[in-house]
Amino acid sequence: MEETLSISGTVETVVYANEQTGYAVLEVADERDGELYPAVGPLCEVRAGEEVTLHGRFAMHPTFGQQFKTESYEVRLPETAAAIRRYLSGGALPHIGKAIAAFGEESLEVIASQPEVLATVKGLTREKAYEASREFQKMFGVREAIECLARWQLPASVAVALYRHYGPDTVDMLRH
């Protein structure tokens, strides 16, 4: 059996994502050397600009060449003000752009838990601020479910379906 490898870096591009199956194709810039790797697998909830660690192995695809076949992954939110600005500018959340990055390294915390503060940004209504906050919370709830089920080698499509049914309580329900 082949050894499992890991790649850590930034998602540069989401080439393809199928929300029904959870399958996606990403381009990931390796943090060690900046080389761009195509990564495939249960990655549909990953967005451009996010920091990831992918676990899997390299395989040769007859049409697309060498790819990193991802079996599991972790997502780290960007931490520096510049990385957060890049992440938010990439369209990861509805109604949110680089202007929101005015909150600096606290921007993601404001989006997640203080939508009323978010609504103070010029051009962002209260409704849009709350919608962006809900979408942010949903994104990370689905990811948590995918990571939880990956421990039992269950596909991302099962996690997505469970999250659609149980919502934010999915992981707690699975743990019980």
# chains A, B, ... in the order shown; residues from 1 in each chain; ligands from 1
>>> residues_around(residues="region 75-85 of chain A", least_positions_apart="2", cutoff="7 Å", atoms="only C-alpha atoms", output="NGL selection string")
:A and (50-53 or 73 or 87-89 or 98 or 101 or 104-105)
>>> write_last_selection(atoms="all heavy atoms", output="mmCIF file, in the first residue's frame")
data_model
loop_
_atom_site.group_PDB
_atom_site.id
_atom_site.type_symbol
_atom_site.label_atom_id
_atom_site.label_comp_id
_atom_site.auth_asym_id
_atom_site.auth_seq_id
_atom_site.Cartn_x
_atom_site.Cartn_y
_atom_site.Cartn_z
ATOM 1 N N GLU A 50 -8.208 29.941 0.669
ATOM 2 C CA GLU A 50 -8.105 29.255 1.952
ATOM 3 C C GLU A 50 -6.789 28.487 2.051
ATOM 4 O O GLU A 50 -6.241 28.041 1.051
ATOM 5 C CB GLU A 50 -9.286 28.304 2.147
ATOM 6 C CG GLU A 50 -10.584 29.044 2.329
ATOM 7 C CD GLU A 50 -11.774 28.146 2.512
ATOM 8 O OE1 GLU A 50 -11.812 27.053 1.914
ATOM 9 O OE2 GLU A 50 -12.675 28.538 3.255
ATOM 10 N N GLU A 51 -6.337 28.340 3.271
ATOM 11 C CA GLU A 51 -5.139 27.559 3.569
ATOM 12 C C GLU A 51 -5.586 26.136 3.868
ATOM 13 O O GLU A 51 -6.509 25.933 4.658
ATOM 14 C CB GLU A 51 -4.415 28.136 4.777
ATOM 15 C CG GLU A 51 -4.073 29.609 4.667
ATOM 16 C CD GLU A 51 -2.979 29.881 3.663
ATOM 17 O OE1 GLU A 51 -2.058 29.047 3.552
ATOM 18 O OE2 GLU A 51 -3.049 30.918 2.996
ATOM 19 N N VAL A 52 -4.945 25.153 3.226
ATOM 20 C CA VAL A 52 -5.353 23.765 3.405
ATOM 21 C C VAL A 52 -4.155 22.858 3.638
ATOM 22 O O VAL A 52 -3.039 23.178 3.243
ATOM 23 C CB VAL A 52 -6.130 23.227 2.168
ATOM 24 C CG1 VAL A 52 -7.438 23.958 1.976
ATOM 25 C CG2 VAL A 52 -5.293 23.294 0.906
ATOM 26 N N THR A 53 -4.428 21.738 4.279
ATOM 27 C CA THR A 53 -3.492 20.618 4.303
ATOM 28 C C THR A 53 -4.264 19.445 3.739
ATOM 29 O O THR A 53 -5.324 19.083 4.259
ATOM 30 C CB THR A 53 -2.994 20.306 5.723
ATOM 31 O OG1 THR A 53 -2.291 21.447 6.220
ATOM 32 C CG2 THR A 53 -2.051 19.100 5.714
ATOM 33 N N TYR A 73 -8.742 16.222 4.395
ATOM 34 C CA TYR A 73 -8.099 17.532 4.412
ATOM 35 C C TYR A 73 -8.501 18.318 5.651
ATOM 36 O O TYR A 73 -9.476 17.988 6.318
ATOM 37 C CB TYR A 73 -8.449 18.339 3.164
ATOM 38 C CG TYR A 73 -9.923 18.703 3.076
ATOM 39 C CD1 TYR A 73 -10.388 19.911 3.573
ATOM 40 C CD2 TYR A 73 -10.844 17.843 2.486
ATOM 41 C CE1 TYR A 73 -11.726 20.249 3.490
ATOM 42 C CE2 TYR A 73 -12.180 18.170 2.401
ATOM 43 C CZ TYR A 73 -12.614 19.380 2.907
ATOM 44 O OH TYR A 73 -13.943 19.713 2.830
ATOM 45 N N TYR A 87 -8.613 36.407 0.604
ATOM 46 C CA TYR A 87 -9.679 35.418 0.749
ATOM 47 C C TYR A 87 -11.046 36.061 0.510
ATOM 48 O O TYR A 87 -11.866 35.558 -0.256
ATOM 49 C CB TYR A 87 -9.597 34.808 2.146
ATOM 50 C CG TYR A 87 -10.756 33.946 2.539
ATOM 51 C CD1 TYR A 87 -10.976 32.716 1.931
ATOM 52 C CD2 TYR A 87 -11.633 34.338 3.544
ATOM 53 C CE1 TYR A 87 -12.040 31.905 2.309
ATOM 54 C CE2 TYR A 87 -12.689 33.529 3.929
ATOM 55 C CZ TYR A 87 -12.886 32.318 3.304
ATOM 56 O OH TYR A 87 -13.930 31.525 3.676
ATOM 57 N N LEU A 88 -11.295 37.192 1.154
ATOM 58 C CA LEU A 88 -12.582 37.862 1.009
ATOM 59 C C LEU A 88 -12.775 38.454 -0.388
ATOM 60 O O LEU A 88 -13.886 38.484 -0.901
ATOM 61 C CB LEU A 88 -12.740 38.942 2.081
ATOM 62 C CG LEU A 88 -12.801 38.425 3.516
ATOM 63 C CD1 LEU A 88 -12.828 39.580 4.502
ATOM 64 C CD2 LEU A 88 -13.992 37.500 3.714
ATOM 65 N N SER A 89 -11.694 38.893 -1.004
ATOM 66 C CA SER A 89 -11.773 39.443 -2.366
ATOM 67 C C SER A 89 -12.083 38.369 -3.390
ATOM 68 O O SER A 89 -12.568 38.670 -4.479
ATOM 69 C CB SER A 89 -10.449 40.117 -2.743
ATOM 70 O OG SER A 89 -10.194 41.197 -1.895
ATOM 71 N N LYS A 98 -13.205 43.083 -0.453
ATOM 72 C CA LYS A 98 -12.017 43.469 0.306
ATOM 73 C C LYS A 98 -12.272 44.631 1.261
ATOM 74 O O LYS A 98 -11.531 44.819 2.199
ATOM 75 C CB LYS A 98 -10.844 43.743 -0.616
ATOM 76 C CG LYS A 98 -11.025 44.790 -1.663
ATOM 77 C CD LYS A 98 -9.755 44.912 -2.471
ATOM 78 C CE LYS A 98 -10.126 44.964 -3.943
ATOM 79 N NZ LYS A 98 -8.982 44.987 -4.794
ATOM 80 N N ALA A 101 -12.281 43.726 4.813
ATOM 81 C CA ALA A 101 -10.981 43.467 5.423
ATOM 82 C C ALA A 101 -10.479 44.669 6.216
ATOM 83 O O ALA A 101 -9.435 44.598 6.844
ATOM 84 C CB ALA A 101 -9.967 43.059 4.360
ATOM 85 N N GLY A 104 -9.217 44.145 9.556
ATOM 86 C CA GLY A 104 -7.903 43.526 9.704
ATOM 87 C C GLY A 104 -7.978 42.058 10.068
ATOM 88 O O GLY A 104 -8.797 41.316 9.531
ATOM 89 N N GLU A 105 -7.140 41.654 11.017
ATOM 90 C CA GLU A 105 -7.073 40.248 11.410
ATOM 91 C C GLU A 105 -8.329 39.784 12.142
ATOM 92 O O GLU A 105 -8.524 38.593 12.333
ATOM 93 C CB GLU A 105 -5.823 40.001 12.254
ATOM 94 C CG GLU A 105 -4.552 40.174 11.440
ATOM 95 C CD GLU A 105 -3.286 39.976 12.231
ATOM 96 O OE1 GLU A 105 -3.354 39.661 13.441
ATOM 97 O OE2 GLU A 105 -2.209 40.153 11.640
#
>>> select_by_dssp(residues="chain A", states="strand (DSSP E)", output="PDB file with N, CA, C and O atoms, in the first residue's frame")
ATOM      1  N   LEU A   5       0.644  10.931   1.700  1.00  0.00           N
ATOM      2  CA  LEU A   5       1.439  12.151   1.682  1.00  0.00           C
ATOM      3  C   LEU A   5       0.567  13.328   2.084  1.00  0.00           C
ATOM      4  O   LEU A   5      -0.661  13.232   2.067  1.00  0.00           O
ATOM      5  N   SER A   6       1.209  14.447   2.393  1.00  0.00           N
ATOM      6  CA  SER A   6       0.474  15.666   2.725  1.00  0.00           C
ATOM      7  C   SER A   6       1.038  16.839   1.948  1.00  0.00           C
ATOM      8  O   SER A   6       2.246  16.925   1.737  1.00  0.00           O
ATOM      9  N   ILE A   7       0.137  17.721   1.528  1.00  0.00           N
ATOM     10  CA  ILE A   7       0.512  18.979   0.887  1.00  0.00           C
ATOM     11  C   ILE A   7      -0.186  20.081   1.668  1.00  0.00           C
ATOM     12  O   ILE A   7      -1.394  20.015   1.900  1.00  0.00           O
ATOM     13  N   SER A   8       0.567  21.097   2.060  1.00  0.00           N
ATOM     14  CA  SER A   8      -0.018  22.262   2.722  1.00  0.00           C
ATOM     15  C   SER A   8       0.224  23.476   1.852  1.00  0.00           C
ATOM     16  O   SER A   8       1.304  23.643   1.288  1.00  0.00           O
ATOM     17  N   GLY A   9      -0.802  24.311   1.730  1.00  0.00           N
ATOM     18  CA  GLY A   9      -0.658  25.513   0.929  1.00  0.00           C
ATOM     19  C   GLY A   9      -1.960  26.270   0.791  1.00  0.00           C
ATOM     20  O   GLY A   9      -2.916  26.035   1.530  1.00  0.00           O
ATOM     21  N   THR A  10      -1.985  27.158  -0.195  1.00  0.00           N
ATOM     22  CA  THR A  10      -3.133  28.024  -0.439  1.00  0.00           C
ATOM     23  C   THR A  10      -3.877  27.572  -1.682  1.00  0.00           C
ATOM     24  O   THR A  10      -3.253  27.279  -2.707  1.00  0.00           O
ATOM     25  N   VAL A  11      -5.195  27.524  -1.598  1.00  0.00           N
ATOM     26  CA  VAL A  11      -6.005  27.199  -2.767  1.00  0.00           C
ATOM     27  C   VAL A  11      -5.998  28.417  -3.682  1.00  0.00           C
ATOM     28  O   VAL A  11      -6.487  29.485  -3.305  1.00  0.00           O
ATOM     29  N   GLU A  12      -5.419  28.257  -4.851  1.00  0.00           N
ATOM     30  CA  GLU A  12      -5.345  29.358  -5.815  1.00  0.00           C
ATOM     31  C   GLU A  12      -6.612  29.443  -6.652  1.00  0.00           C
ATOM     32  O   GLU A  12      -7.120  30.531  -6.894  1.00  0.00           O
ATOM     33  N   THR A  13      -7.105  28.286  -7.108  1.00  0.00           N
ATOM     34  CA  THR A  13      -8.258  28.259  -8.007  1.00  0.00           C
ATOM     35  C   THR A  13      -9.103  27.029  -7.727  1.00  0.00           C
ATOM     36  O   THR A  13      -8.573  25.954  -7.481  1.00  0.00           O
ATOM     37  N   VAL A  14     -10.416  27.215  -7.773  1.00  0.00           N
ATOM     38  CA  VAL A  14     -11.337  26.082  -7.779  1.00  0.00           C
ATOM     39  C   VAL A  14     -11.705  25.881  -9.239  1.00  0.00           C
ATOM     40  O   VAL A  14     -12.423  26.681  -9.832  1.00  0.00           O
ATOM     41  N   VAL A  15     -11.189  24.815  -9.836  1.00  0.00           N
ATOM     42  CA  VAL A  15     -11.392  24.553 -11.254  1.00  0.00           C
ATOM     43  C   VAL A  15     -12.783  23.972 -11.491  1.00  0.00           C
ATOM     44  O   VAL A  15     -13.464  24.320 -12.455  1.00  0.00           O
ATOM     45  N   TYR A  16     -13.215  23.092 -10.580  1.00  0.00           N
ATOM     46  CA  TYR A  16     -14.503  22.401 -10.728  1.00  0.00           C
ATOM     47  C   TYR A  16     -14.977  21.979  -9.343  1.00  0.00           C
ATOM     48  O   TYR A  16     -14.177  21.570  -8.512  1.00  0.00           O
ATOM     49  N   ALA A  17     -16.285  22.087  -9.102  1.00  0.00           N
ATOM     50  CA  ALA A  17     -16.855  21.601  -7.839  1.00  0.00           C
ATOM     51  C   ALA A  17     -18.273  21.112  -8.085  1.00  0.00           C
ATOM     52  O   ALA A  17     -19.080  21.808  -8.697  1.00  0.00           O
ATOM     53  N   ALA A  24     -14.313  17.792  -6.190  1.00  0.00           N
ATOM     54  CA  ALA A  24     -13.815  19.065  -6.712  1.00  0.00           C
ATOM     55  C   ALA A  24     -12.399  18.897  -7.245  1.00  0.00           C
ATOM     56  O   ALA A  24     -11.690  17.953  -6.905  1.00  0.00           O
ATOM     57  N   VAL A  25     -12.026  19.846  -8.092  1.00  0.00           N
ATOM     58  CA  VAL A  25     -10.673  19.943  -8.623  1.00  0.00           C
ATOM     59  C   VAL A  25     -10.158  21.332  -8.248  1.00  0.00           C
ATOM     60  O   VAL A  25     -10.802  22.339  -8.553  1.00  0.00           O
ATOM     61  N   LEU A  26      -9.028  21.363  -7.564  1.00  0.00           N
ATOM     62  CA  LEU A  26      -8.435  22.612  -7.097  1.00  0.00           C
ATOM     63  C   LEU A  26      -7.013  22.736  -7.594  1.00  0.00           C
ATOM     64  O   LEU A  26      -6.370  21.728  -7.904  1.00  0.00           O
ATOM     65  N   GLU A  27      -6.505  23.948  -7.608  1.00  0.00           N
ATOM     66  CA  GLU A  27      -5.083  24.182  -7.796  1.00  0.00           C
ATOM     67  C   GLU A  27      -4.557  24.735  -6.480  1.00  0.00           C
ATOM     68  O   GLU A  27      -5.057  25.758  -5.991  1.00  0.00           O
ATOM     69  N   VAL A  28      -3.578  24.050  -5.906  1.00  0.00           N
ATOM     70  CA  VAL A  28      -3.040  24.410  -4.596  1.00  0.00           C
ATOM     71  C   VAL A  28      -1.573  24.785  -4.740  1.00  0.00           C
ATOM     72  O   VAL A  28      -0.783  24.022  -5.299  1.00  0.00           O
ATOM     73  N   ALA A  29      -1.218  25.973  -4.231  1.00  0.00           N
ATOM     74  CA  ALA A  29       0.180  26.416  -4.231  1.00  0.00           C
ATOM     75  C   ALA A  29       0.835  25.909  -2.950  1.00  0.00           C
ATOM     76  O   ALA A  29       0.442  26.292  -1.846  1.00  0.00           O
ATOM     77  N   ASP A  30       1.820  25.029  -3.112  1.00  0.00           N
ATOM     78  CA  ASP A  30       2.517  24.436  -1.974  1.00  0.00           C
ATOM     79  C   ASP A  30       3.240  25.534  -1.192  1.00  0.00           C
ATOM     80  O   ASP A  30       3.944  26.361  -1.773  1.00  0.00           O
ATOM     81  N   LEU A  36       2.488  24.818  -8.040  1.00  0.00           N
ATOM     82  CA  LEU A  36       1.049  24.638  -8.155  1.00  0.00           C
ATOM     83  C   LEU A  36       0.727  23.180  -8.453  1.00  0.00           C
ATOM     84  O   LEU A  36       1.232  22.602  -9.411  1.00  0.00           O
ATOM     85  N   TYR A  37      -0.111  22.567  -7.603  1.00  0.00           N
ATOM     86  CA  TYR A  37      -0.502  21.171  -7.770  1.00  0.00           C
ATOM     87  C   TYR A  37      -2.000  21.071  -8.009  1.00  0.00           C
ATOM     88  O   TYR A  37      -2.784  21.668  -7.271  1.00  0.00           O
ATOM     89  N   PRO A  38      -2.420  20.286  -9.007  1.00  0.00           N
ATOM     90  CA  PRO A  38      -3.851  19.996  -9.124  1.00  0.00           C
ATOM     91  C   PRO A  38      -4.221  18.958  -8.067  1.00  0.00           C
ATOM     92  O   PRO A  38      -3.528  17.955  -7.904  1.00  0.00           O
ATOM     93  N   ALA A  39      -5.293  19.243  -7.329  1.00  0.00           N
ATOM     94  CA  ALA A  39      -5.762  18.324  -6.288  1.00  0.00           C
ATOM     95  C   ALA A  39      -7.209  17.962  -6.594  1.00  0.00           C
ATOM     96  O   ALA A  39      -8.005  18.824  -6.961  1.00  0.00           O
ATOM     97  N   VAL A  40      -7.537  16.680  -6.456  1.00  0.00           N
ATOM     98  CA  VAL A  40      -8.886  16.199  -6.739  1.00  0.00           C
ATOM     99  C   VAL A  40      -9.388  15.395  -5.553  1.00  0.00           C
ATOM    100  O   VAL A  40      -8.610  14.849  -4.783  1.00  0.00           O
ATOM    101  N   GLY A  41     -10.710  15.349  -5.410  1.00  0.00           N
ATOM    102  CA  GLY A  41     -11.287  14.545  -4.339  1.00  0.00           C
ATOM    103  C   GLY A  41     -12.453  15.245  -3.678  1.00  0.00           C
ATOM    104  O   GLY A  41     -13.052  16.151  -4.250  1.00  0.00           O
ATOM    105  N   GLU A  51      -6.337  28.340   3.271  1.00  0.00           N
ATOM    106  CA  GLU A  51      -5.139  27.559   3.569  1.00  0.00           C
ATOM    107  C   GLU A  51      -5.586  26.136   3.868  1.00  0.00           C
ATOM    108  O   GLU A  51      -6.509  25.933   4.658  1.00  0.00           O
ATOM    109  N   VAL A  52      -4.945  25.153   3.226  1.00  0.00           N
ATOM    110  CA  VAL A  52      -5.353  23.765   3.405  1.00  0.00           C
ATOM    111  C   VAL A  52      -4.155  22.858   3.638  1.00  0.00           C
ATOM    112  O   VAL A  52      -3.039  23.178   3.243  1.00  0.00           O
ATOM    113  N   THR A  53      -4.428  21.738   4.279  1.00  0.00           N
ATOM    114  CA  THR A  53      -3.492  20.618   4.303  1.00  0.00           C
ATOM    115  C   THR A  53      -4.264  19.445   3.739  1.00  0.00           C
ATOM    116  O   THR A  53      -5.324  19.083   4.259  1.00  0.00           O
ATOM    117  N   LEU A  54      -3.759  18.896   2.640  1.00  0.00           N
ATOM    118  CA  LEU A  54      -4.404  17.780   1.955  1.00  0.00           C
ATOM    119  C   LEU A  54      -3.636  16.501   2.271  1.00  0.00           C
ATOM    120  O   LEU A  54      -2.404  16.508   2.301  1.00  0.00           O
ATOM    121  N   HIS A  55      -4.363  15.404   2.469  1.00  0.00           N
ATOM    122  CA  HIS A  55      -3.747  14.102   2.726  1.00  0.00           C
ATOM    123  C   HIS A  55      -4.204  13.149   1.625  1.00  0.00           C
ATOM    124  O   HIS A  55      -5.403  13.059   1.335  1.00  0.00           O
ATOM    125  N   GLY A  56      -3.252  12.462   1.023  1.00  0.00           N
ATOM    126  CA  GLY A  56      -3.585  11.534  -0.054  1.00  0.00           C
ATOM    127  C   GLY A  56      -2.333  11.048  -0.744  1.00  0.00           C
ATOM    128  O   GLY A  56      -1.301  10.846  -0.120  1.00  0.00           O
ATOM    129  N   ARG A  57      -2.420  10.899  -2.077  1.00  0.00           N
ATOM    130  CA  ARG A  57      -1.253  10.422  -2.839  1.00  0.00           C
ATOM    131  C   ARG A  57      -1.337  10.938  -4.266  1.00  0.00           C
ATOM    132  O   ARG A  57      -2.408  11.291  -4.741  1.00  0.00           O
ATOM    133  N   PHE A  58      -0.209  10.953  -4.910  1.00  0.00           N
ATOM    134  CA  PHE A  58      -0.160  11.371  -6.311  1.00  0.00           C
ATOM    135  C   PHE A  58      -0.569  10.213  -7.205  1.00  0.00           C
ATOM    136  O   PHE A  58      -0.253   9.055  -6.929  1.00  0.00           O
ATOM    137  N   ALA A  59      -1.279  10.538  -8.278  1.00  0.00           N
ATOM    138  CA  ALA A  59      -1.703   9.539  -9.261  1.00  0.00           C
ATOM    139  C   ALA A  59      -1.663  10.185 -10.637  1.00  0.00           C
ATOM    140  O   ALA A  59      -1.824  11.402 -10.770  1.00  0.00           O
ATOM    141  N   MET A  60      -1.484   9.360 -11.639  1.00  0.00           N
ATOM    142  CA  MET A  60      -1.431   9.852 -13.011  1.00  0.00           C
ATOM    143  C   MET A  60      -2.802   9.683 -13.655  1.00  0.00           C
ATOM    144  O   MET A  60      -3.321   8.577 -13.727  1.00  0.00           O
ATOM    145  N   HIS A  61      -3.377  10.778 -14.112  1.00  0.00           N
ATOM    146  CA  HIS A  61      -4.646  10.741 -14.845  1.00  0.00           C
ATOM    147  C   HIS A  61      -4.316  10.678 -16.329  1.00  0.00           C
ATOM    148  O   HIS A  61      -3.433  11.398 -16.795  1.00  0.00           O
ATOM    149  N   GLY A  65      -2.874  14.315 -16.532  1.00  0.00           N
ATOM    150  CA  GLY A  65      -1.532  14.161 -15.983  1.00  0.00           C
ATOM    151  C   GLY A  65      -1.538  13.934 -14.480  1.00  0.00           C
ATOM    152  O   GLY A  65      -2.518  13.463 -13.907  1.00  0.00           O
ATOM    153  N   GLN A  66      -0.425  14.290 -13.845  1.00  0.00           N
ATOM    154  CA  GLN A  66      -0.271  14.014 -12.419  1.00  0.00           C
ATOM    155  C   GLN A  66      -1.199  14.894 -11.592  1.00  0.00           C
ATOM    156  O   GLN A  66      -1.275  16.111 -11.791  1.00  0.00           O
ATOM    157  N   GLN A  67      -1.902  14.249 -10.646  1.00  0.00           N
ATOM    158  CA  GLN A  67      -2.822  14.931  -9.748  1.00  0.00           C
ATOM    159  C   GLN A  67      -2.611  14.398  -8.339  1.00  0.00           C
ATOM    160  O   GLN A  67      -2.192  13.260  -8.153  1.00  0.00           O
ATOM    161  N   PHE A  68      -2.959  15.238  -7.365  1.00  0.00           N
ATOM    162  CA  PHE A  68      -2.922  14.790  -5.983  1.00  0.00           C
ATOM    163  C   PHE A  68      -4.329  14.328  -5.629  1.00  0.00           C
ATOM    164  O   PHE A  68      -5.260  15.128  -5.582  1.00  0.00           O
ATOM    165  N   LYS A  69      -4.495  13.016  -5.413  1.00  0.00           N
ATOM    166  CA  LYS A  69      -5.802  12.444  -5.063  1.00  0.00           C
ATOM    167  C   LYS A  69      -6.000  12.579  -3.558  1.00  0.00           C
ATOM    168  O   LYS A  69      -5.379  11.871  -2.784  1.00  0.00           O
ATOM    169  N   THR A  70      -6.870  13.500  -3.185  1.00  0.00           N
ATOM    170  CA  THR A  70      -7.088  13.832  -1.783  1.00  0.00           C
ATOM    171  C   THR A  70      -8.059  12.858  -1.133  1.00  0.00           C
ATOM    172  O   THR A  70      -9.128  12.587  -1.677  1.00  0.00           O
ATOM    173  N   GLU A  71      -7.673  12.354   0.016  1.00  0.00           N
ATOM    174  CA  GLU A  71      -8.536  11.453   0.790  1.00  0.00           C
ATOM    175  C   GLU A  71      -9.173  12.179   1.970  1.00  0.00           C
ATOM    176  O   GLU A  71     -10.299  11.885   2.345  1.00  0.00           O
ATOM    177  N   SER A  72      -8.441  13.120   2.567  1.00  0.00           N
ATOM    178  CA  SER A  72      -8.968  13.935   3.657  1.00  0.00           C
ATOM    179  C   SER A  72      -8.211  15.255   3.658  1.00  0.00           C
ATOM    180  O   SER A  72      -7.175  15.383   3.000  1.00  0.00           O
ATOM    181  N   TYR A  73      -8.742  16.222   4.395  1.00  0.00           N
ATOM    182  CA  TYR A  73      -8.099  17.532   4.412  1.00  0.00           C
ATOM    183  C   TYR A  73      -8.501  18.318   5.651  1.00  0.00           C
ATOM    184  O   TYR A  73      -9.476  17.988   6.318  1.00  0.00           O
ATOM    185  N   GLU A  74      -7.713  19.349   5.931  1.00  0.00           N
ATOM    186  CA  GLU A  74      -8.051  20.328   6.958  1.00  0.00           C
ATOM    187  C   GLU A  74      -7.978  21.698   6.308  1.00  0.00           C
ATOM    188  O   GLU A  74      -7.133  21.930   5.457  1.00  0.00           O
ATOM    189  N   VAL A  75      -8.862  22.579   6.728  1.00  0.00           N
ATOM    190  CA  VAL A  75      -8.860  23.955   6.241  1.00  0.00           C
ATOM    191  C   VAL A  75      -8.485  24.864   7.392  1.00  0.00           C
ATOM    192  O   VAL A  75      -8.992  24.720   8.500  1.00  0.00           O
ATOM    193  N   ARG A  76      -7.561  25.772   7.117  1.00  0.00           N
ATOM    194  CA  ARG A  76      -7.196  26.789   8.094  1.00  0.00           C
ATOM    195  C   ARG A  76      -7.634  28.136   7.521  1.00  0.00           C
ATOM    196  O   ARG A  76      -7.355  28.435   6.373  1.00  0.00           O
TER     197      ARG A  76
END
>>> closest_residue(among="A:Leu149, A:Met173, A:Ala48, A:Leu93", to="Ala129 (chain A)", atoms="only C-alpha atoms")
A:Leu93
>>> atom_distance(atom1="CA of Val110 (chain A)", atom2="CA of Lys128 (chain A)")
13.8 Å
>>> select_by_dssp(residues="region 3-156 of chain A", states="helix (DSSP H, G or I)", output="VMD selection string")
chain A and resid 81 to 89 98 to 113 115 to 118 126 to 150 156
>>> closest_residue(among="A:His176, A:Ser113, A:Arg47, A:Ala119", to="Gly90 (chain A)", atoms="only C-alpha atoms")
A:Arg47
